[in-house]
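Here is the file model.pdb (PDB, C-alpha atoms).
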MODEL        1
ATOM      1  CA  VAL A 154       2.732   7.580  -5.512  1.00  0.00           C
ATOM      2  CA  ILE A 155       1.195   5.806  -8.459  1.00  0.00           C
ATOM      3  CA  THR A 156       0.310   2.115  -8.631  1.00  0.00           C
ATOM      4  CA  GLU A 157       0.571   0.258 -11.914  1.00  0.00           C
ATOM      5  CA  ILE A 158      -2.131  -2.408 -11.975  1.00  0.00           C
ATOM      6  CA  ALA A 159      -1.567  -4.846 -14.818  1.00  0.00           C
ATOM      7  CA  GLU A 160      -3.860  -7.766 -15.567  1.00  0.00           C
ATOM      8  CA  LEU A 161      -1.874 -10.734 -16.872  1.00  0.00           C
ATOM      9  CA  THR A 162      -3.553 -13.749 -18.466  1.00  0.00           C
ATOM     10  CA  ILE A 163      -1.726 -17.052 -18.808  1.00  0.00           C
ATOM     11  CA  ASP A 164      -2.579 -20.682 -19.415  1.00  0.00           C
ATOM     12  CA  PRO A 165      -3.600 -21.929 -15.915  1.00  0.00           C
ATOM     13  CA  GLU A 166      -1.670 -25.155 -16.590  1.00  0.00           C
ATOM     14  CA  ALA A 167       1.528 -23.081 -16.609  1.00  0.00           C
ATOM     15  CA  SER A 168       0.853 -21.303 -13.281  1.00  0.00           C
ATOM     16  CA  GLU A 169       3.740 -22.862 -11.405  1.00  0.00           C
ATOM     17  CA  ALA A 170       6.351 -22.053 -14.089  1.00  0.00           C
ATOM     18  CA  PHE A 171       4.927 -18.546 -14.503  1.00  0.00           C
ATOM     19  CA  GLU A 172       5.116 -17.847 -10.763  1.00  0.00           C
ATOM     20  CA  SER A 173       8.761 -18.998 -10.753  1.00  0.00           C
ATOM     21  CA  ALA A 174       9.543 -16.663 -13.664  1.00  0.00           C
ATOM     22  CA  VAL A 175       7.902 -13.765 -11.815  1.00  0.00           C
ATOM     23  CA  ALA A 176       9.922 -14.550  -8.679  1.00  0.00           C
ATOM     24  CA  GLU A 177      13.081 -14.419 -10.803  1.00  0.00           C
ATOM     25  CA  ALA A 178      12.005 -11.142 -12.435  1.00  0.00           C
ATOM     26  CA  ARG A 179      10.916  -9.368  -9.250  1.00  0.00           C
ATOM     27  CA  GLU A 180      14.312  -7.766  -8.631  1.00  0.00           C
ATOM     28  CA  LEU A 181      14.193  -6.113 -12.067  1.00  0.00           C
ATOM     29  CA  PHE A 182      11.419  -3.938 -10.678  1.00  0.00           C
ATOM     30  CA  LEU A 183      12.743  -3.497  -7.151  1.00  0.00           C
ATOM     31  CA  GLN A 184      16.130  -2.338  -8.474  1.00  0.00           C
ATOM     32  CA  ALA A 185      14.556   0.209 -10.834  1.00  0.00           C
ATOM     33  CA  PRO A 186      15.215   3.710  -9.479  1.00  0.00           C
ATOM     34  CA  ASP A 187      11.559   4.826  -9.573  1.00  0.00           C
ATOM     35  CA  CYS A 188       9.981   1.637  -8.167  1.00  0.00           C
ATOM     36  CA  HIS A 189       8.630   1.660  -4.613  1.00  0.00           C
ATOM     37  CA  SER A 190       6.990  -1.753  -4.297  1.00  0.00           C
ATOM     38  CA  PHE A 191       6.182  -4.972  -6.157  1.00  0.00           C
ATOM     39  CA  ARG A 192       3.339  -7.398  -5.569  1.00  0.00           C
ATOM     40  CA  ILE A 193       1.621 -10.027  -7.668  1.00  0.00           C
ATOM     41  CA  ASP A 194      -1.721 -11.612  -6.811  1.00  0.00           C
ATOM     42  CA  ARG A 195      -3.635 -14.481  -8.376  1.00  0.00           C
ATOM     43  CA  VAL A 196      -7.353 -13.943  -9.006  1.00  0.00           C
ATOM     44  CA  VAL A 197      -9.330 -16.541  -7.052  1.00  0.00           C
ATOM     45  CA  GLU A 198     -12.308 -16.617  -9.446  1.00  0.00           C
ATOM     46  CA  THR A 199     -10.263 -16.943 -12.671  1.00  0.00           C
ATOM     47  CA  PRO A 200      -7.341 -19.389 -12.709  1.00  0.00           C
ATOM     48  CA  GLY A 201      -4.577 -18.053 -14.973  1.00  0.00           C
ATOM     49  CA  THR A 202      -5.415 -14.394 -14.257  1.00  0.00           C
ATOM     50  CA  TYR A 203      -2.945 -12.389 -12.175  1.00  0.00           C
ATOM     51  CA  LEU A 204      -2.837  -8.771 -11.037  1.00  0.00           C
ATOM     52  CA  LEU A 205       0.572  -7.134 -10.840  1.00  0.00           C
ATOM     53  CA  LEU A 206       0.663  -4.127  -8.489  1.00  0.00           C
ATOM     54  CA  VAL A 207       3.802  -2.023  -8.771  1.00  0.00           C
ATOM     55  CA  GLY A 208       4.376   1.285  -6.982  1.00  0.00           C
ATOM     56  CA  TRP A 209       6.089   4.015  -9.040  1.00  0.00           C
ATOM     57  CA  THR A 210       6.970   7.633  -8.393  1.00  0.00           C
ATOM     58  CA  SER A 211       4.835   8.682 -11.408  1.00  0.00           C
ATOM     59  CA  VAL A 212       3.108   7.332 -14.519  1.00  0.00           C
ATOM     60  CA  GLU A 213       6.029   8.620 -16.621  1.00  0.00           C
ATOM     61  CA  ALA A 214       8.541   6.821 -14.391  1.00  0.00           C
ATOM     62  CA  HIS A 215       6.826   3.578 -15.359  1.00  0.00           C
ATOM     63  CA  MET A 216       5.730   4.186 -18.944  1.00  0.00           C
ATOM     64  CA  GLU A 217       8.731   6.140 -20.179  1.00  0.00           C
ATOM     65  CA  ARG A 218      11.770   5.448 -17.997  1.00  0.00           C
ATOM     66  CA  PHE A 219      11.114   1.829 -16.978  1.00  0.00           C
ATOM     67  CA  ARG A 220       9.638   0.752 -20.312  1.00  0.00           C
ATOM     68  CA  SER A 221      12.702   2.022 -22.179  1.00  0.00           C
ATOM     69  CA  SER A 222      15.113   0.212 -19.828  1.00  0.00           C
ATOM     70  CA  ASP A 223      16.926  -3.094 -20.233  1.00  0.00           C
ATOM     71  CA  ALA A 224      15.154  -4.287 -17.075  1.00  0.00           C
ATOM     72  CA  PHE A 225      11.778  -4.061 -18.847  1.00  0.00           C
ATOM     73  CA  GLN A 226      13.105  -6.071 -21.802  1.00  0.00           C
ATOM     74  CA  ARG A 227      14.366  -8.742 -19.398  1.00  0.00           C
ATOM     75  CA  TRP A 228      11.028  -8.818 -17.540  1.00  0.00           C
ATOM     76  CA  ARG A 229       9.144  -9.263 -20.776  1.00  0.00           C
ATOM     77  CA  ALA A 230      11.553 -11.963 -21.994  1.00  0.00           C
ATOM     78  CA  LEU A 231      10.917 -13.929 -18.771  1.00  0.00           C
ATOM     79  CA  VAL A 232       7.127 -13.649 -18.585  1.00  0.00           C
ATOM     80  CA  SER A 233       5.681 -12.859 -22.018  1.00  0.00           C
ATOM     81  CA  PRO A 234       6.060 -16.468 -23.261  1.00  0.00           C
ATOM     82  CA  PHE A 235       3.323 -17.344 -20.746  1.00  0.00           C
ATOM     83  CA  PHE A 236       0.835 -14.673 -21.869  1.00  0.00           C
ATOM     84  CA  ILE A 237      -2.241 -15.887 -23.761  1.00  0.00           C
ATOM     85  CA  ALA A 238      -3.696 -12.340 -23.996  1.00  0.00           C
ATOM     86  CA  PRO A 239      -2.056  -8.911 -24.104  1.00  0.00           C
ATOM     87  CA  PRO A 240      -1.490  -7.449 -20.624  1.00  0.00           C
ATOM     88  CA  ALA A 241      -3.999  -4.738 -19.679  1.00  0.00           C
ATOM     89  CA  VAL A 242      -2.205  -1.934 -17.849  1.00  0.00           C
ATOM     90  CA  ARG A 243      -3.749   0.877 -15.815  1.00  0.00           C
ATOM     91  CA  HIS A 244      -2.479   3.275 -13.173  1.00  0.00           C
ATOM     92  CA  THR A 245      -4.144   4.359  -9.967  1.00  0.00           C
ATOM     93  CA  GLU A 246      -3.606   6.929  -7.269  1.00  0.00           C
ATOM     94  CA  THR A 247      -4.741   6.222  -3.746  1.00  0.00           C
ATOM     95  CA  VAL A 248      -7.625   8.352  -2.444  1.00  0.00           C
ATOM     96  CA  LEU A 249      -7.945   6.784   1.035  1.00  0.00           C
TER      97      LEU A 249
ATOM     98  CA  VAL B1223      -5.198 -13.130   3.506  1.00  0.00           C
ATOM     99  CA  ILE B1224      -7.576 -12.375   0.667  1.00  0.00           C
ATOM    100  CA  THR B1225      -7.972  -9.020  -1.085  1.00  0.00           C
ATOM    101  CA  GLU B1226     -11.360  -7.997  -2.438  1.00  0.00           C
ATOM    102  CA  ILE B1227     -10.764  -5.901  -5.553  1.00  0.00           C
ATOM    103  CA  ALA B1228     -13.962  -4.155  -6.639  1.00  0.00           C
ATOM    104  CA  GLU B1229     -14.216  -1.916  -9.681  1.00  0.00           C
ATOM    105  CA  LEU B1230     -16.660   0.928  -9.057  1.00  0.00           C
ATOM    106  CA  THR B1231     -17.926   3.150 -11.850  1.00  0.00           C
ATOM    107  CA  ILE B1232     -19.489   6.519 -11.115  1.00  0.00           C
ATOM    108  CA  ASP B1233     -20.282   9.725 -12.985  1.00  0.00           C
ATOM    109  CA  PRO B1234     -16.934  11.599 -12.984  1.00  0.00           C
ATOM    110  CA  GLU B1235     -18.825  14.827 -12.242  1.00  0.00           C
ATOM    111  CA  ALA B1236     -19.746  13.346  -8.856  1.00  0.00           C
ATOM    112  CA  SER B1237     -16.184  12.359  -7.863  1.00  0.00           C
ATOM    113  CA  GLU B1238     -15.885  14.748  -4.972  1.00  0.00           C
ATOM    114  CA  ALA B1239     -19.194  13.765  -3.356  1.00  0.00           C
ATOM    115  CA  PHE B1240     -18.448  10.080  -3.957  1.00  0.00           C
ATOM    116  CA  GLU B1241     -15.037  10.336  -2.289  1.00  0.00           C
ATOM    117  CA  SER B1242     -16.637  12.022   0.730  1.00  0.00           C
ATOM    118  CA  ALA B1243     -19.203   9.216   0.972  1.00  0.00           C
ATOM    119  CA  VAL B1244     -16.410   6.620   0.832  1.00  0.00           C
ATOM    120  CA  ALA B1245     -14.498   8.463   3.569  1.00  0.00           C
ATOM    121  CA  GLU B1246     -17.629   8.324   5.718  1.00  0.00           C
ATOM    122  CA  ALA B1247     -18.152   4.616   4.953  1.00  0.00           C
ATOM    123  CA  ARG B1248     -14.558   3.516   5.507  1.00  0.00           C
ATOM    124  CA  GLU B1249     -15.069   2.686   9.189  1.00  0.00           C
ATOM    125  CA  LEU B1250     -17.883   0.261   8.292  1.00  0.00           C
ATOM    126  CA  PHE B1251     -15.171  -1.942   6.774  1.00  0.00           C
ATOM    127  CA  LEU B1252     -12.437  -1.304   9.322  1.00  0.00           C
ATOM    128  CA  GLN B1253     -14.779  -2.177  12.194  1.00  0.00           C
ATOM    129  CA  ALA B1254     -15.871  -5.437  10.559  1.00  0.00           C
ATOM    130  CA  PRO B1255     -14.347  -8.351  12.482  1.00  0.00           C
ATOM    131  CA  ASP B1256     -12.813 -10.032   9.413  1.00  0.00           C
ATOM    132  CA  CYS B1257     -11.444  -6.901   7.699  1.00  0.00           C
ATOM    133  CA  HIS B1258      -7.677  -6.284   7.732  1.00  0.00           C
ATOM    134  CA  SER B1259      -7.302  -3.207   5.536  1.00  0.00           C
ATOM    135  CA  PHE B1260      -9.190  -0.701   3.382  1.00  0.00           C
ATOM    136  CA  ARG B1261      -7.931   1.311   0.426  1.00  0.00           C
ATOM    137  CA  ILE B1262      -9.581   3.041  -2.502  1.00  0.00           C
ATOM    138  CA  ASP B1263      -7.746   4.222  -5.612  1.00  0.00           C
ATOM    139  CA  ARG B1264      -8.894   6.290  -8.566  1.00  0.00           C
ATOM    140  CA  VAL B1265      -7.902   5.022 -12.020  1.00  0.00           C
ATOM    141  CA  VAL B1266      -5.778   7.654 -13.759  1.00  0.00           C
ATOM    142  CA  GLU B1267      -6.792   6.681 -17.307  1.00  0.00           C
ATOM    143  CA  THR B1268     -10.558   6.529 -16.663  1.00  0.00           C
ATOM    144  CA  PRO B1269     -12.160   9.334 -14.620  1.00  0.00           C
ATOM    145  CA  GLY B1270     -15.062   7.936 -12.601  1.00  0.00           C
ATOM    146  CA  THR B1271     -13.482   4.494 -12.229  1.00  0.00           C
ATOM    147  CA  TYR B1272     -12.257   3.470  -8.778  1.00  0.00           C
ATOM    148  CA  LEU B1273     -10.679   0.312  -7.404  1.00  0.00           C
ATOM    149  CA  LEU B1274     -11.571  -0.665  -3.861  1.00  0.00           C
ATOM    150  CA  LEU B1275      -8.994  -2.963  -2.231  1.00  0.00           C
ATOM    151  CA  VAL B1276     -10.147  -4.545   1.013  1.00  0.00           C
ATOM    152  CA  GLY B1277      -8.224  -7.178   2.962  1.00  0.00           C
ATOM    153  CA  TRP B1278     -10.313 -10.014   4.443  1.00  0.00           C
ATOM    154  CA  THR B1279      -9.502 -13.176   6.347  1.00  0.00           C
ATOM    155  CA  SER B1280     -11.213 -15.251   3.622  1.00  0.00           C
ATOM    156  CA  VAL B1281     -13.565 -14.988   0.637  1.00  0.00           C
ATOM    157  CA  GLU B1282     -16.400 -16.260   2.850  1.00  0.00           C
ATOM    158  CA  ALA B1283     -15.674 -13.587   5.464  1.00  0.00           C
ATOM    159  CA  HIS B1284     -16.395 -10.994   2.783  1.00  0.00           C
ATOM    160  CA  MET B1285     -19.108 -12.618   0.685  1.00  0.00           C
ATOM    161  CA  GLU B1286     -21.085 -14.309   3.446  1.00  0.00           C
ATOM    162  CA  ARG B1287     -20.424 -12.636   6.791  1.00  0.00           C
ATOM    163  CA  PHE B1288     -19.834  -9.028   5.682  1.00  0.00           C
ATOM    164  CA  ARG B1289     -22.450  -9.051   2.916  1.00  0.00           C
ATOM    165  CA  SER B1290     -25.130 -10.215   5.331  1.00  0.00           C
ATOM    166  CA  SER B1291     -24.242  -7.529   7.907  1.00  0.00           C
ATOM    167  CA  ASP B1292     -25.865  -4.177   8.617  1.00  0.00           C
ATOM    168  CA  ALA B1293     -22.494  -2.555   7.836  1.00  0.00           C
ATOM    169  CA  PHE B1294     -22.733  -3.734   4.220  1.00  0.00           C
ATOM    170  CA  GLN B1295     -26.250  -2.319   3.896  1.00  0.00           C
ATOM    171  CA  ARG B1296     -25.018   1.017   5.244  1.00  0.00           C
ATOM    172  CA  TRP B1297     -22.027   1.009   2.860  1.00  0.00           C
ATOM    173  CA  ARG B1298     -24.285   0.346  -0.101  1.00  0.00           C
ATOM    174  CA  ALA B1299     -26.761   3.029   1.006  1.00  0.00           C
ATOM    175  CA  LEU B1300     -23.928   5.579   1.078  1.00  0.00           C
ATOM    176  CA  VAL B1301     -22.219   4.747  -2.212  1.00  0.00           C
ATOM    177  CA  SER B1302     -24.617   2.943  -4.533  1.00  0.00           C
ATOM    178  CA  PRO B1303     -26.500   6.147  -5.501  1.00  0.00           C
ATOM    179  CA  PHE B1304     -23.270   7.146  -7.297  1.00  0.00           C
ATOM    180  CA  PHE B1305     -22.888   3.919  -9.311  1.00  0.00           C
ATOM    181  CA  ILE B1306     -23.581   4.136 -13.046  1.00  0.00           C
ATOM    182  CA  ALA B1307     -22.650   0.459 -13.576  1.00  0.00           C
ATOM    183  CA  PRO B1308     -22.835  -2.596 -11.307  1.00  0.00           C
ATOM    184  CA  PRO B1309     -19.663  -3.060  -9.215  1.00  0.00           C
ATOM    185  CA  ALA B1310     -17.379  -5.836 -10.514  1.00  0.00           C
ATOM    186  CA  VAL B1311     -15.986  -7.785  -7.570  1.00  0.00           C
ATOM    187  CA  ARG B1312     -13.079 -10.233  -7.586  1.00  0.00           C
ATOM    188  CA  HIS B1313     -10.796 -11.678  -4.916  1.00  0.00           C
ATOM    189  CA  THR B1314      -7.077 -12.216  -5.043  1.00  0.00           C
ATOM    190  CA  GLU B1315      -4.431 -13.944  -2.985  1.00  0.00           C
ATOM    191  CA  THR B1316      -0.906 -12.593  -2.953  1.00  0.00           C
ATOM    192  CA  VAL B1317       1.745 -14.782  -4.587  1.00  0.00           C
ATOM    193  CA  LEU B1318       4.773 -12.516  -4.059  1.00  0.00           C
TER     194      LEU B1318
ENDMDL
END
Could you render the structure as structure tokens?
Amino acid sequence: VITEIAELTIDPEASEAFESAVAEARELFLQAPDCHSFRIDRVVETPGTYLLLVGWTSVEAHMERFRSSDAFQRWRALVSPFFIAPPAVRHTETVL
Amino acid sequence: VITEIAELTIDPEASEAFESAVAEARELFLQAPDCHSFRIDRVVETPGTYLLLVGWTSVEAHMERFRSSDAFQRWRALVSPFFIAPPAVRHTETVL
């Protein structure tokens, strides 16, 4: 299992509206065939910075299959208006 | 619940020895009274970069109580020889 860890930066003033948009978009991930889990955290030290943690079967499942799906377009349509910096996306695999 | 997310940077050549040291150190966290969970991931895109994800009851539980404990000194003694950059530590709280 691979975890996508994306750092999302928004205007802190828009936090409440952004969190509502993410709640609306959550199912787009959870209904994707290769998605195992969805979580979003706010960074305590930096208001307006969020970490999205999404479990996928593989990097390709996320970067190729999900990114070319309608669900990804709908996710981006819901949340990208809030972004004040490009999302920074990495993938991890759990060691322990 | 708060998650400590620490970015650790080591020489990729030392990955195996570093992962063994982390396995040895894991109980130092899990036995700490305020620690809920311990996980370490390697970043796929950047060999030598790891993300440590530790669940704590609060930021203070981590930064004050754990950091002033013997367990923290023992953790640092085991893993800091591998660091080639200072760890970058943040805390998050889960939104969804």
Next item on the list: May I ask you to extract the residues of chain A within 10 Å of chain B, using all atoms listed in the file, and to give them as a count of residues only?
Entry: 30
Note to self: Please determine, counting only C-alpha atoms, which residue among A:Ala230, A:Ala238, A:Val154, A:Val207 has the shortest atom-to-atom distance to Ala185 of chain A.
What the structure shows: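 For Ala185 of chain A, the nearest of the given residues is A:Val207.
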Check: What lies within 9 Å of Pro200 of chain A using only C-alpha atoms, ignoring chain neighbours under 4 positions off, as an MDAnalysis selection string?
Finding: chainID A and resid 162:166 168 195:196
Item checked: Distance query Cys188 of chain A at most 6 Å, all atoms listed in the file, self and fewer than 5 positions along chain excluded, as a PyMOL selection string -> chain A and resi 183+208-209
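If you look at atom CA of Asp1256 of chain B and atom CA of Leu206 of chain A, they are 23.2 Å away from each other.
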Notebook entry, point to check: What does the distance between atom CA of Met216 of chain A and atom CA of Ile237 of chain A come to in Å, to one decimal place?
Noted result: 22.1 Å
If you count only C-alpha atoms, which residues fall within 10 Å of Trp1297 of chain B, apart from same-chain ones fewer than 2 positions away, as a compact mmCIF listing (two decimals) with C-alpha atoms, in the coordinates of the input?
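selection.txt, written as the output of this step:
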# COMPACT_ATOMS: atom_id res chain seq x y z
CA ALA B 1243 -19.20 9.22 0.97
CA VAL B 1244 -16.41 6.62 0.83
CA GLU B 1246 -17.63 8.32 5.72
CA ALA B 1247 -18.15 4.62 4.95
CA ARG B 1248 -14.56 3.52 5.51
CA GLU B 1249 -15.07 2.69 9.19
CA LEU B 1250 -17.88 0.26 8.29
CA PHE B 1251 -15.17 -1.94 6.77
CA ASP B 1292 -25.86 -4.18 8.62
CA ALA B 1293 -22.49 -2.56 7.84
CA PHE B 1294 -22.73 -3.73 4.22
CA GLN B 1295 -26.25 -2.32 3.90
CA ALA B 1299 -26.76 3.03 1.01
CA LEU B 1300 -23.93 5.58 1.08
CA VAL B 1301 -22.22 4.75 -2.21
CA SER B 1302 -24.62 2.94 -4.53
Enclose all atoms of segment 1267-1284 of chain B listed in the file in an axis-aligned box, grow every side by 5 Å, and hand back centre and edge lengths in Å to one decimal, as AutoDock Vina command-line options.
--center_x -11.6 --center_y -3.5 --center_z -5.5 --size_x 19.6 --size_y 35.6 --size_z 33.7
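The space between atom CA of Pro239 of chain A and atom CA of Thr210 of chain A spans 24.5 Å.
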N, CA, C and O atoms are needed for segment 232-249 of chain A; please write them out as a PDB file, in the frame of the given file.
ATOM      1  N   VAL A 232       8.544 -13.331 -18.819  1.00  0.00           N
ATOM      2  CA  VAL A 232       7.127 -13.649 -18.585  1.00  0.00           C
ATOM      3  C   VAL A 232       6.243 -13.682 -19.824  1.00  0.00           C
ATOM      4  O   VAL A 232       5.229 -14.380 -19.828  1.00  0.00           O
ATOM      5  N   SER A 233       6.616 -12.941 -20.881  1.00  0.00           N
ATOM      6  CA  SER A 233       5.681 -12.859 -22.018  1.00  0.00           C
ATOM      7  C   SER A 233       5.445 -14.205 -22.715  1.00  0.00           C
ATOM      8  O   SER A 233       4.366 -14.408 -23.275  1.00  0.00           O
ATOM      9  N   PRO A 234       6.385 -15.166 -22.661  1.00  0.00           N
ATOM     10  CA  PRO A 234       6.060 -16.468 -23.261  1.00  0.00           C
ATOM     11  C   PRO A 234       4.838 -17.138 -22.622  1.00  0.00           C
ATOM     12  O   PRO A 234       4.214 -18.009 -23.247  1.00  0.00           O
ATOM     13  N   PHE A 235       4.478 -16.739 -21.422  1.00  0.00           N
ATOM     14  CA  PHE A 235       3.323 -17.344 -20.746  1.00  0.00           C
ATOM     15  C   PHE A 235       2.008 -16.663 -21.108  1.00  0.00           C
ATOM     16  O   PHE A 235       0.942 -17.227 -20.875  1.00  0.00           O
ATOM     17  N   PHE A 236       2.069 -15.443 -21.640  1.00  0.00           N
ATOM     18  CA  PHE A 236       0.835 -14.673 -21.869  1.00  0.00           C
ATOM     19  C   PHE A 236      -0.019 -15.311 -22.973  1.00  0.00           C
ATOM     20  O   PHE A 236       0.474 -15.651 -24.038  1.00  0.00           O
ATOM     21  N   ILE A 237      -1.327 -15.434 -22.709  1.00  0.00           N
ATOM     22  CA  ILE A 237      -2.241 -15.887 -23.761  1.00  0.00           C
ATOM     23  C   ILE A 237      -3.180 -14.746 -24.174  1.00  0.00           C
ATOM     24  O   ILE A 237      -4.085 -14.934 -24.974  1.00  0.00           O
ATOM     25  N   ALA A 238      -2.963 -13.564 -23.614  1.00  0.00           N
ATOM     26  CA  ALA A 238      -3.696 -12.340 -23.996  1.00  0.00           C
ATOM     27  C   ALA A 238      -2.746 -11.181 -23.716  1.00  0.00           C
ATOM     28  O   ALA A 238      -1.844 -11.304 -22.878  1.00  0.00           O
ATOM     29  N   PRO A 239      -2.924 -10.059 -24.400  1.00  0.00           N
ATOM     30  CA  PRO A 239      -2.056  -8.911 -24.104  1.00  0.00           C
ATOM     31  C   PRO A 239      -2.320  -8.420 -22.675  1.00  0.00           C
ATOM     32  O   PRO A 239      -3.470  -8.403 -22.233  1.00  0.00           O
ATOM     33  N   PRO A 240      -1.273  -8.009 -21.960  1.00  0.00           N
ATOM     34  CA  PRO A 240      -1.490  -7.449 -20.624  1.00  0.00           C
ATOM     35  C   PRO A 240      -2.331  -6.177 -20.725  1.00  0.00           C
ATOM     36  O   PRO A 240      -2.209  -5.422 -21.692  1.00  0.00           O
ATOM     37  N   ALA A 241      -3.197  -5.968 -19.746  1.00  0.00           N
ATOM     38  CA  ALA A 241      -3.999  -4.738 -19.679  1.00  0.00           C
ATOM     39  C   ALA A 241      -3.452  -3.909 -18.530  1.00  0.00           C
ATOM     40  O   ALA A 241      -3.497  -4.341 -17.378  1.00  0.00           O
ATOM     41  N   VAL A 242      -2.914  -2.738 -18.848  1.00  0.00           N
ATOM     42  CA  VAL A 242      -2.205  -1.934 -17.849  1.00  0.00           C
ATOM     43  C   VAL A 242      -2.975  -0.649 -17.551  1.00  0.00           C
ATOM     44  O   VAL A 242      -3.401   0.057 -18.467  1.00  0.00           O
ATOM     45  N   ARG A 243      -3.162  -0.378 -16.268  1.00  0.00           N
ATOM     46  CA  ARG A 243      -3.749   0.877 -15.815  1.00  0.00           C
ATOM     47  C   ARG A 243      -2.894   1.423 -14.686  1.00  0.00           C
ATOM     48  O   ARG A 243      -2.044   0.707 -14.145  1.00  0.00           O
ATOM     49  N   HIS A 244      -3.166   2.659 -14.308  1.00  0.00           N
ATOM     50  CA  HIS A 244      -2.479   3.275 -13.173  1.00  0.00           C
ATOM     51  C   HIS A 244      -3.518   3.856 -12.234  1.00  0.00           C
ATOM     52  O   HIS A 244      -4.550   4.367 -12.682  1.00  0.00           O
ATOM     53  N   THR A 245      -3.217   3.784 -10.941  1.00  0.00           N
ATOM     54  CA  THR A 245      -4.144   4.359  -9.967  1.00  0.00           C
ATOM     55  C   THR A 245      -3.380   5.277  -9.012  1.00  0.00           C
ATOM     56  O   THR A 245      -2.165   5.172  -8.860  1.00  0.00           O
ATOM     57  N   GLU A 246      -4.150   6.177  -8.397  1.00  0.00           N
ATOM     58  CA  GLU A 246      -3.606   6.929  -7.269  1.00  0.00           C
ATOM     59  C   GLU A 246      -4.549   6.723  -6.091  1.00  0.00           C
ATOM     60  O   GLU A 246      -5.777   6.703  -6.255  1.00  0.00           O
ATOM     61  N   THR A 247      -3.959   6.547  -4.926  1.00  0.00           N
ATOM     62  CA  THR A 247      -4.741   6.222  -3.746  1.00  0.00           C
ATOM     63  C   THR A 247      -5.481   7.461  -3.248  1.00  0.00           C
ATOM     64  O   THR A 247      -4.904   8.541  -3.129  1.00  0.00           O
ATOM     65  N   VAL A 248      -6.784   7.282  -2.979  1.00  0.00           N
ATOM     66  CA  VAL A 248      -7.625   8.352  -2.444  1.00  0.00           C
ATOM     67  C   VAL A 248      -7.631   8.254  -0.912  1.00  0.00           C
ATOM     68  O   VAL A 248      -7.478   9.246  -0.208  1.00  0.00           O
ATOM     69  N   LEU A 249      -7.841   7.051  -0.412  1.00  0.00           N
ATOM     70  CA  LEU A 249      -7.945   6.784   1.035  1.00  0.00           C
ATOM     71  C   LEU A 249      -7.281   5.460   1.345  1.00  0.00           C
ATOM     72  O   LEU A 249      -7.442   4.520   0.569  1.00  0.00           O
TER      73      LEU A 249
END
